[in-house]
Amino acid sequence: MATVEQDLATAGSNGSGPKKYKVIGTRPIRHDGVDKVTGRAQYGADIRLTGMLAGVVLRSPHAHAKILSIDVSKALALPGVRAVVTNADLSDPGDRMCELGEGAVNLRHLNHNIFAKDKALYRGHAIAAVAADNIHIAEQATKLIDVKYELLAPVVDVVAAMQPGAPLLHADVYTDDLGEKSAQPSNVARHFRFEQGDIAKGFAQAACIIEREFHTATVHQGYIEPQNATAFWSADGQITVWTSTQGSFSVRQQVAELVGAPISRVKVIPTEIGGGFGGKIRVYLEPVAAALSKKTGRPVQVLMSRADVFEGTGPTPGSFIKVKLGVDAHGMIVAGEASLAYEAGAYPGSPVGPGAMCIFSCYNVPNGRVDGYDVCVNKPQTSAYRAPGATNAAFAMETVVDEVCQQLDLDPLEFRRRNAAKEGVRRVDGPVYPKVGLVETIEACQRSEHWNTPLEGPNRGRGVASGFWFNCGLRSSCSATVNPDGTVALVEGSTDIGGSRTGIAMQLAETLGIAATDVVPTVGDTDSVGYTDVTGGSRVTFATGWAAYLAALDIQQQLCARAADEWDVPAEAVTYAEGGVNGPEGRRFSFAEIAAKVNAHGDPVVGRGSADPQHCGGAFATHIVDVEVDPELGKVKVLRYTAAQDVGTAIHPAYVEGQIQGGVVQGIGWGLNEEYFYDVKGVMRNSTFLDYRIPTCLDLPMIDALIVEVPNPGHPYGVRGVGEVPIVPPPAALANAIAQAIGIRMTQLPMSPPRIVHEILKKNV
Amino acid sequence: MAKKQVVSATINGNATEFLCEPRQTLLEALRDNLDLTGTKEGCSNGNCGACTVLLDGHPVVSCLVLAMEAEGAEVTTIEGIAPSEGLDPIQQAFLENAALQCGICTPGFIVATKALLDTNPSPTENEVRFALANNLCRCTGYDKIVRAVLDAAERRKASV
Ligand code: FES
Ligand code: FES
């Protein structure tokens, strides 16, 4: 079972010391729980509207092709078909960047990704869409659309795409090479560099230098709910969109740009969302549903199939990474050099930037240089996936660190502890760390029962790895209305993927000194709540929690004024504490007592909170894994897993554990099994859950989450953000465990049975 | 388009007649013809378990069953798991063990768990993992789901 470790000086929520909080650190049942265990919760595909039509998207069967013509006349003639749309039905937003809250997109590329314009750039690229009386008619109609293609050679590998003479995706993409524009168009959209110190001097001091190359495969976020969108374009020009998204305001902006309407004409109603992990930020279907609705005057629902999800939505990039690390005779890192090339997919914009910032981020690397390359290939445009870019980088770096430890005969946790990033250390890309908790996660592992229990048996090995993710703040809003029955109705803008509305409500409850169950949280639509950025970047509990905290302070202030009125004392004489208002001579109303009075007379009490907090405090994790490798089948069995993570403060420890466990298992899937298989034509051959195999419960042991709490000084309750970093260490930890088990260093992901058998056979010749 | 057919089945305890096209799956008929949208679609080809329902007490992936095959059968969906007041112990155990994050897989898991516990009231951890291996969850890493199922088994025993 998970345990909680705390920074003793600040022991808070549920340690053995005096309890700092009443609500924070407890495990209430989530407010939306009953709806979700009874089937009543409404997800995007559950929307039913009067007169609703079904939409189906036609996708390119080719990885790379010129579109010569699209003839929709036969499709339109099919009875039951109401409209067909193509790129011509979207508005061209021009060649501009648009900030989506966690990363920017080029609007022209977004437009061309919704519907291909002159070229299909990957198998699965949307070409046209049909609205019909039901989904079967719509599917049949897509087959009647006649598209003439001229086939072009595809390139689906990052290294091949960088070679001179490689098939070129875009005639208008040039390399931004350290600020200089290349002479010729290229698949390499950007080359950048981070540097500090003097690497030549650094490597000269090294007693041990290890240099290795790594390849990682394209993997998918794999949310179980496919993308969906329902839209109604009313005769008055008002557009309503229902969708499962990580950010309703970001959908509003993208839809407005792509259909050419002002944002005030677009209302986005976020439904419950069946997983996202970064993949449900960019729009795919929403503008399509809107365009079809405009043409038909009826609501239109467009759903993706699972194959559409794999072939048409952002996976995370495959990559090629080189790492060189120098360590001196005392076991201290003296220099590091890395180069990372990430697949952007069809359009520029891979997460190679964050990957390059993360690669040395767990260590004090006094002399370092990192080069990054953003490379277009004929695959779907990559999108964020939990700590985007960091997992690829950690796989490379943490494997090299392990090899250094092996060569110098150093304990891998002790090596990490001594070289760890801590307060005052400068990252190679510039920032200096504030108080962070990496050392504490390493020490938690060193003390853990897991680490102190010897692993025995043939073909077994134990591996460790650390990981980092920035987390982010960004903007959040909420409003909170005091009800006369002593409860608070909280409307917040962050779509809730994993219980976050409860974590936000708990911070409001803590601030007001009431029970979590006395707060009734709702996720508002874009017309009912203030601007709120996407649910991403591990920011929701941090930033939207902050907004809720501010709303609670606002309520406190209004209630104090109200009590001062009642008691006829000056407002300054009343304070809010212990869950109520307190005045001179022991006068007091509990929250429930004063709430009962608010609607009788005077202004209703509505708290408002909006926040753009800056000090989000990075997250670190250190993981330990035990594996057993079957030397004949190459199958890796995970025997035991422990994940220690600094979470700042665990608001709802069960959901914190859940984030850690879920992230670890995604990392295990990435490490051991998951990959896009392409044939020579650039066609993905495993676009089902049978062949793209994500972990099942039979593949896994329990995942022990070791919660370390080093409160973030930049948040009223010390929250850091939890969701992303747990996916970062697993592939590296597994590789290190496999190396110990069978003496083979795996440098390619996934470390699937065929690859492992291949390496075993190679070693035995 | 083939003519629509009438299917008579007992759905969540209620004698029900509905019209469907011969090509419609049970999943589609439940969601689109009967408005029982609690049963989810994750893949439509039998690989994710989100659409699990009980057909005469046996767990099936409703995306691989034709609606017409339900003729004369008893179908239980997530909407039919709870008693008329309150929750089933399995649902309560999922809530208290925080066994859901996004919740899209939850209906399938709860229905599959009912099928398991109806036939094996005291499963081991490994039996739980084996029985639920056709249900994919991408959010939880399964730890809390497996604990919830073991806890549900205890609750069911305590409640008889
Ligand atoms: S939808 Fe039926 S198994 Fe996935
Ligand atoms: S809780 Fe999201 S897929 Fe299981």
# chains A, B, ... in the order shown; residues from 1 in each chain; ligands from 1

call {"tool": "residues_around", "arguments": {"residues": "Leu132 of chain B", "least_positions_apart": "4", "cutoff": "8 Å", "atoms": "only C-alpha atoms", "output": "NGL selection string"}}
result
(:A and (697-698)) or (:B and (109 or 112-113 or 128))

call {"tool": "write_last_selection", "arguments": {"atoms": "C-alpha atoms", "output": "mmCIF file, in the first residue's frame"}}
result
data_model
loop_
_atom_site.group_PDB
_atom_site.id
_atom_site.type_symbol
_atom_site.label_atom_id
_atom_site.label_comp_id
_atom_site.auth_asym_id
_atom_site.auth_seq_id
_atom_site.Cartn_x
_atom_site.Cartn_y
_atom_site.Cartn_z
ATOM 1 C CA CYS A 697 -3.981 -5.770 -15.397
ATOM 2 C CA LEU A 698 -2.587 -9.272 -15.929
ATOM 3 C CA PHE B 109 -15.128 -2.981 -15.197
ATOM 4 C CA ALA B 112 -17.191 -7.591 -15.572
ATOM 5 C CA THR B 113 -16.604 -7.598 -11.816
ATOM 6 C CA VAL B 128 -9.066 -10.902 -10.453
#

call {"tool": "residues_near_ligand", "arguments": {"ligand": "ligand 1", "cutoff": "6 Å", "atoms": "only C-alpha atoms and all ligand atoms", "output": "list in words"}}
result
Glu41, Gly42, Cys43, Ser44, Asn45, Gly46, Asn47, Cys48, Gly49, Ala50, Cys51, Val61, Ser62 and Cys63 of chain B

call {"tool": "residues_around", "arguments": {"residues": "Gly57 of chain B", "least_positions_apart": "6", "cutoff": "9 Å", "atoms": "only C-alpha atoms", "output": "number ranges by chain"}}
result
B: 74-76, 115, 118

call {"tool": "write_last_selection", "arguments": {"atoms": "N, CA and C atoms", "output": "PDB file, in the first residue's frame"}}
result
ATOM      1  N   GLU B  74     -31.685 -12.177 -21.439  1.00  0.00           N
ATOM      2  CA  GLU B  74     -31.657 -11.179 -20.372  1.00  0.00           C
ATOM      3  C   GLU B  74     -30.371 -10.382 -20.504  1.00  0.00           C
ATOM      4  N   VAL B  75     -30.515  -9.084 -20.620  1.00  0.00           N
ATOM      5  CA  VAL B  75     -29.348  -8.214 -20.779  1.00  0.00           C
ATOM      6  C   VAL B  75     -29.245  -7.330 -19.539  1.00  0.00           C
ATOM      7  N   THR B  76     -28.049  -7.294 -18.943  1.00  0.00           N
ATOM      8  CA  THR B  76     -27.827  -6.364 -17.829  1.00  0.00           C
ATOM      9  C   THR B  76     -26.737  -5.398 -18.222  1.00  0.00           C
ATOM     10  N   ALA B 115     -19.841 -10.159 -12.997  1.00  0.00           N
ATOM     11  CA  ALA B 115     -19.807 -11.498 -13.583  1.00  0.00           C
ATOM     12  C   ALA B 115     -18.798 -12.372 -12.851  1.00  0.00           C
ATOM     13  N   ASP B 118     -20.088 -13.169  -9.230  1.00  0.00           N
ATOM     14  CA  ASP B 118     -21.240 -14.074  -9.246  1.00  0.00           C
ATOM     15  C   ASP B 118     -20.800 -15.530  -9.395  1.00  0.00           C
TER      16      ASP B 118
END

call {"tool": "interface_residues", "arguments": {"of": "chain B", "to": "chain A", "cutoff": "6 Å", "atoms": "only C-alpha atoms", "output": "tab-separated table (two decimals) with N, CA and C atoms, in the first residue's frame"}}
result
chain	number	residue	atom	x	y	z
B	37	THR	N	-26.83	4.96	-22.55
B	37	THR	CA	-25.48	5.38	-22.94
B	37	THR	C	-24.43	5.10	-21.87
B	38	GLY	N	-24.83	4.44	-20.79
B	38	GLY	CA	-23.84	4.07	-19.77
B	38	GLY	C	-22.83	3.06	-20.28
B	42	GLY	N	-15.12	1.95	-26.77
B	42	GLY	CA	-13.72	2.37	-26.80
B	42	GLY	C	-13.02	1.93	-28.06
B	43	CYS	N	-13.54	0.87	-28.72
B	43	CYS	CA	-12.81	0.35	-29.88
B	43	CYS	C	-13.72	-0.28	-30.93
B	47	ASN	N	-11.72	-5.28	-28.20
B	47	ASN	CA	-10.41	-5.27	-27.55
B	47	ASN	C	-10.31	-4.49	-26.26
B	78	ILE	N	-24.76	-1.45	-17.20
B	78	ILE	CA	-24.33	-0.71	-16.00
B	78	ILE	C	-25.54	-0.04	-15.33
B	79	GLU	N	-26.52	0.36	-16.14
B	79	GLU	CA	-27.69	1.02	-15.56
B	79	GLU	C	-28.52	0.05	-14.71
B	91	GLN	N	-20.10	-1.08	-6.77
B	91	GLN	CA	-20.01	0.35	-7.08
B	91	GLN	C	-19.44	1.12	-5.88
B	101	GLN	N	-10.52	7.10	-12.56
B	101	GLN	CA	-10.03	8.46	-12.79
B	101	GLN	C	-10.96	9.12	-13.80
B	102	CYS	N	-10.75	8.86	-15.11
B	102	CYS	CA	-11.67	9.48	-16.07
B	102	CYS	C	-13.02	8.79	-16.04
B	103	GLY	N	-13.05	7.52	-15.70
B	103	GLY	CA	-14.31	6.81	-15.53
B	103	GLY	C	-14.90	6.19	-16.79
B	104	ILE	N	-14.22	6.31	-17.93
B	104	ILE	CA	-14.81	5.78	-19.17
B	104	ILE	C	-14.79	4.25	-19.17
B	129	ARG	N	-7.05	-10.39	-11.68
B	129	ARG	CA	-6.30	-9.85	-12.83
B	129	ARG	C	-6.60	-10.66	-14.09
B	130	PHE	N	-6.73	-11.98	-13.95
B	130	PHE	CA	-7.03	-12.82	-15.10
B	130	PHE	C	-8.42	-12.51	-15.65
B	133	ALA	N	-8.68	-9.07	-17.49
B	133	ALA	CA	-7.62	-8.74	-18.46
B	133	ALA	C	-8.18	-8.25	-19.79
B	138	ARG	N	-6.62	3.03	-19.06
B	138	ARG	CA	-5.38	3.73	-19.35
B	138	ARG	C	-5.00	4.69	-18.23
B	139	CYS	N	-5.91	4.93	-17.29
B	139	CYS	CA	-5.64	5.98	-16.30
B	139	CYS	C	-5.05	5.47	-14.99
B	140	THR	N	-5.51	4.34	-14.51
B	140	THR	CA	-5.26	3.99	-13.10
B	140	THR	C	-4.06	3.09	-12.88
B	141	GLY	N	-3.57	2.41	-13.92
B	141	GLY	CA	-2.54	1.40	-13.69
B	141	GLY	C	-3.10	0.17	-12.98
B	142	TYR	N	-4.41	0.11	-12.84
B	142	TYR	CA	-5.17	-1.05	-12.33
B	142	TYR	C	-5.03	-1.31	-10.83
B	143	ASP	N	-4.03	-0.75	-10.18
B	143	ASP	CA	-3.80	-1.05	-8.76
B	143	ASP	C	-5.07	-0.90	-7.95

call {"tool": "residues_around", "arguments": {"residues": "Gln24 of chain B", "least_positions_apart": "5", "cutoff": "8 Å", "atoms": "only C-alpha atoms", "output": "mmCIF file with N, CA and C atoms, in the first residue's frame"}}
result
data_model
loop_
_atom_site.group_PDB
_atom_site.id
_atom_site.type_symbol
_atom_site.label_atom_id
_atom_site.label_comp_id
_atom_site.auth_asym_id
_atom_site.auth_seq_id
_atom_site.Cartn_x
_atom_site.Cartn_y
_atom_site.Cartn_z
ATOM 1 N N ALA B 29 -27.415 -0.614 -30.474
ATOM 2 C CA ALA B 29 -28.840 -0.602 -30.136
ATOM 3 C C ALA B 29 -29.059 -0.081 -28.723
ATOM 4 N N LEU B 66 -24.559 -9.011 -32.209
ATOM 5 C CA LEU B 66 -25.577 -8.301 -32.978
ATOM 6 C C LEU B 66 -26.800 -8.088 -32.089
ATOM 7 N N ALA B 67 -27.454 -6.969 -32.275
ATOM 8 C CA ALA B 67 -28.621 -6.666 -31.451
ATOM 9 C C ALA B 67 -29.645 -7.792 -31.552
#

call {"tool": "select_by_dssp", "arguments": {"residues": "segment 4-99 of chain A", "states": "helix (DSSP H, G or I)", "output": "VMD selection string"}}
result
chain A and resid 8 to 10 33 to 38 44 to 46 73 to 77 87 to 89

call {"tool": "residues_around", "arguments": {"residues": "segment 560-565 of chain A", "least_positions_apart": "6", "cutoff": "7 Å", "atoms": "only C-alpha atoms", "output": "JSON, numbers by chain"}}
result
{"A": [571, 574, 575, 576, 581]}

call {"tool": "decode", "arguments": {"residues": "segment 629-641 of chain A", "atoms": "all heavy atoms", "output": "PDB file, in the first residue's frame"}}
result
ATOM      1  N   VAL A 629      13.476 -11.645 -16.772  1.00  0.00           N
ATOM      2  CA  VAL A 629      13.471 -11.754 -18.236  1.00  0.00           C
ATOM      3  C   VAL A 629      13.437 -13.234 -18.612  1.00  0.00           C
ATOM      4  O   VAL A 629      14.226 -14.029 -18.098  1.00  0.00           O
ATOM      5  CB  VAL A 629      14.741 -11.100 -18.843  1.00  0.00           C
ATOM      6  CG1 VAL A 629      14.703 -11.179 -20.367  1.00  0.00           C
ATOM      7  CG2 VAL A 629      14.870  -9.662 -18.379  1.00  0.00           C
ATOM      8  N   ASP A 630      12.519 -13.591 -19.486  1.00  0.00           N
ATOM      9  CA  ASP A 630      12.491 -14.949 -20.013  1.00  0.00           C
ATOM     10  C   ASP A 630      13.510 -15.014 -21.138  1.00  0.00           C
ATOM     11  O   ASP A 630      13.324 -14.386 -22.187  1.00  0.00           O
ATOM     12  CB  ASP A 630      11.080 -15.264 -20.535  1.00  0.00           C
ATOM     13  CG  ASP A 630      10.968 -16.679 -21.047  1.00  0.00           C
ATOM     14  OD1 ASP A 630      11.945 -17.164 -21.673  1.00  0.00           O
ATOM     15  OD2 ASP A 630       9.916 -17.301 -20.841  1.00  0.00           O
ATOM     16  N   PRO A 631      14.636 -15.765 -20.945  1.00  0.00           N
ATOM     17  CA  PRO A 631      15.719 -15.690 -21.935  1.00  0.00           C
ATOM     18  C   PRO A 631      15.344 -16.337 -23.261  1.00  0.00           C
ATOM     19  O   PRO A 631      15.984 -16.091 -24.280  1.00  0.00           O
ATOM     20  CB  PRO A 631      16.870 -16.446 -21.263  1.00  0.00           C
ATOM     21  CG  PRO A 631      16.249 -17.271 -20.195  1.00  0.00           C
ATOM     22  CD  PRO A 631      14.940 -16.644 -19.812  1.00  0.00           C
ATOM     23  N   GLU A 632      14.310 -17.186 -23.277  1.00  0.00           N
ATOM     24  CA  GLU A 632      13.929 -17.796 -24.551  1.00  0.00           C
ATOM     25  C   GLU A 632      12.903 -16.952 -25.306  1.00  0.00           C
ATOM     26  O   GLU A 632      12.957 -16.804 -26.517  1.00  0.00           O
ATOM     27  CB  GLU A 632      13.363 -19.188 -24.319  1.00  0.00           C
ATOM     28  CG  GLU A 632      14.371 -20.264 -24.682  1.00  0.00           C
ATOM     29  CD  GLU A 632      14.493 -21.313 -23.608  1.00  0.00           C
ATOM     30  OE1 GLU A 632      13.453 -21.852 -23.207  1.00  0.00           O
ATOM     31  OE2 GLU A 632      15.636 -21.555 -23.152  1.00  0.00           O
ATOM     32  N   LEU A 633      11.946 -16.405 -24.554  1.00  0.00           N
ATOM     33  CA  LEU A 633      10.863 -15.645 -25.209  1.00  0.00           C
ATOM     34  C   LEU A 633      11.158 -14.153 -25.259  1.00  0.00           C
ATOM     35  O   LEU A 633      10.498 -13.409 -25.968  1.00  0.00           O
ATOM     36  CB  LEU A 633       9.539 -15.871 -24.476  1.00  0.00           C
ATOM     37  CG  LEU A 633       9.047 -17.318 -24.419  1.00  0.00           C
ATOM     38  CD1 LEU A 633       7.774 -17.422 -23.592  1.00  0.00           C
ATOM     39  CD2 LEU A 633       8.806 -17.854 -25.825  1.00  0.00           C
ATOM     40  N   GLY A 634      12.104 -13.716 -24.447  1.00  0.00           N
ATOM     41  CA  GLY A 634      12.405 -12.291 -24.410  1.00  0.00           C
ATOM     42  C   GLY A 634      11.364 -11.461 -23.686  1.00  0.00           C
ATOM     43  O   GLY A 634      11.373 -10.227 -23.743  1.00  0.00           O
ATOM     44  N   LYS A 635      10.464 -12.117 -22.998  1.00  0.00           N
ATOM     45  CA  LYS A 635       9.399 -11.379 -22.322  1.00  0.00           C
ATOM     46  C   LYS A 635       9.897 -10.893 -20.964  1.00  0.00           C
ATOM     47  O   LYS A 635      10.556 -11.631 -20.236  1.00  0.00           O
ATOM     48  CB  LYS A 635       8.191 -12.293 -22.138  1.00  0.00           C
ATOM     49  CG  LYS A 635       6.956 -11.584 -21.633  1.00  0.00           C
ATOM     50  CD  LYS A 635       5.759 -12.532 -21.700  1.00  0.00           C
ATOM     51  CE  LYS A 635       4.478 -11.978 -21.137  1.00  0.00           C
ATOM     52  NZ  LYS A 635       4.525 -10.976 -20.125  1.00  0.00           N
ATOM     53  N   VAL A 636       9.571  -9.649 -20.659  1.00  0.00           N
ATOM     54  CA  VAL A 636       9.992  -9.061 -19.389  1.00  0.00           C
ATOM     55  C   VAL A 636       8.793  -9.012 -18.447  1.00  0.00           C
ATOM     56  O   VAL A 636       7.760  -8.437 -18.777  1.00  0.00           O
ATOM     57  CB  VAL A 636      10.530  -7.630 -19.602  1.00  0.00           C
ATOM     58  CG1 VAL A 636      10.885  -6.981 -18.270  1.00  0.00           C
ATOM     59  CG2 VAL A 636      11.745  -7.659 -20.516  1.00  0.00           C
ATOM     60  N   LYS A 637       8.952  -9.646 -17.297  1.00  0.00           N
ATOM     61  CA  LYS A 637       7.866  -9.612 -16.317  1.00  0.00           C
ATOM     62  C   LYS A 637       8.243  -8.620 -15.232  1.00  0.00           C
ATOM     63  O   LYS A 637       9.345  -8.674 -14.687  1.00  0.00           O
ATOM     64  CB  LYS A 637       7.673 -11.010 -15.720  1.00  0.00           C
ATOM     65  CG  LYS A 637       6.447 -11.126 -14.840  1.00  0.00           C
ATOM     66  CD  LYS A 637       6.223 -12.590 -14.437  1.00  0.00           C
ATOM     67  CE  LYS A 637       5.200 -12.731 -13.334  1.00  0.00           C
ATOM     68  NZ  LYS A 637       3.914 -12.091 -13.575  1.00  0.00           N
ATOM     69  N   VAL A 638       7.339  -7.697 -14.950  1.00  0.00           N
ATOM     70  CA  VAL A 638       7.589  -6.729 -13.877  1.00  0.00           C
ATOM     71  C   VAL A 638       7.170  -7.380 -12.561  1.00  0.00           C
ATOM     72  O   VAL A 638       6.009  -7.735 -12.369  1.00  0.00           O
ATOM     73  CB  VAL A 638       6.797  -5.430 -14.107  1.00  0.00           C
ATOM     74  CG1 VAL A 638       7.050  -4.441 -12.978  1.00  0.00           C
ATOM     75  CG2 VAL A 638       7.165  -4.811 -15.446  1.00  0.00           C
ATOM     76  N   LEU A 639       8.141  -7.564 -11.664  1.00  0.00           N
ATOM     77  CA  LEU A 639       7.860  -8.270 -10.404  1.00  0.00           C
ATOM     78  C   LEU A 639       7.412  -7.308  -9.317  1.00  0.00           C
ATOM     79  O   LEU A 639       6.545  -7.620  -8.507  1.00  0.00           O
ATOM     80  CB  LEU A 639       9.115  -8.998  -9.918  1.00  0.00           C
ATOM     81  CG  LEU A 639       9.733 -10.015 -10.883  1.00  0.00           C
ATOM     82  CD1 LEU A 639      11.062 -10.508 -10.334  1.00  0.00           C
ATOM     83  CD2 LEU A 639       8.774 -11.192 -11.083  1.00  0.00           C
ATOM     84  N   ARG A 640       8.043  -6.150  -9.272  1.00  0.00           N
ATOM     85  CA  ARG A 640       7.745  -5.218  -8.185  1.00  0.00           C
ATOM     86  C   ARG A 640       8.078  -3.815  -8.655  1.00  0.00           C
ATOM     87  O   ARG A 640       9.064  -3.621  -9.386  1.00  0.00           O
ATOM     88  CB  ARG A 640       8.588  -5.581  -6.953  1.00  0.00           C
ATOM     89  CG  ARG A 640       8.240  -4.748  -5.746  1.00  0.00           C
ATOM     90  CD  ARG A 640       8.914  -5.267  -4.487  1.00  0.00           C
ATOM     91  NE  ARG A 640       8.458  -4.448  -3.359  1.00  0.00           N
ATOM     92  CZ  ARG A 640       8.871  -4.593  -2.115  1.00  0.00           C
ATOM     93  NH1 ARG A 640       9.742  -5.522  -1.796  1.00  0.00           N
ATOM     94  NH2 ARG A 640       8.413  -3.795  -1.160  1.00  0.00           N
ATOM     95  N   TYR A 641       7.287  -2.824  -8.208  1.00  0.00           N
ATOM     96  CA  TYR A 641       7.532  -1.451  -8.658  1.00  0.00           C
ATOM     97  C   TYR A 641       7.279  -0.473  -7.517  1.00  0.00           C
ATOM     98  O   TYR A 641       6.253  -0.548  -6.854  1.00  0.00           O
ATOM     99  CB  TYR A 641       6.613  -1.094  -9.835  1.00  0.00           C
ATOM    100  CG  TYR A 641       7.206  -0.006 -10.706  1.00  0.00           C
ATOM    101  CD1 TYR A 641       7.740  -0.301 -11.951  1.00  0.00           C
ATOM    102  CD2 TYR A 641       7.262   1.319 -10.253  1.00  0.00           C
ATOM    103  CE1 TYR A 641       8.329   0.686 -12.737  1.00  0.00           C
ATOM    104  CE2 TYR A 641       7.850   2.306 -11.032  1.00  0.00           C
ATOM    105  CZ  TYR A 641       8.382   1.981 -12.279  1.00  0.00           C
ATOM    106  OH  TYR A 641       8.964   2.955 -13.045  1.00  0.00           O
TER     107      TYR A 641
END
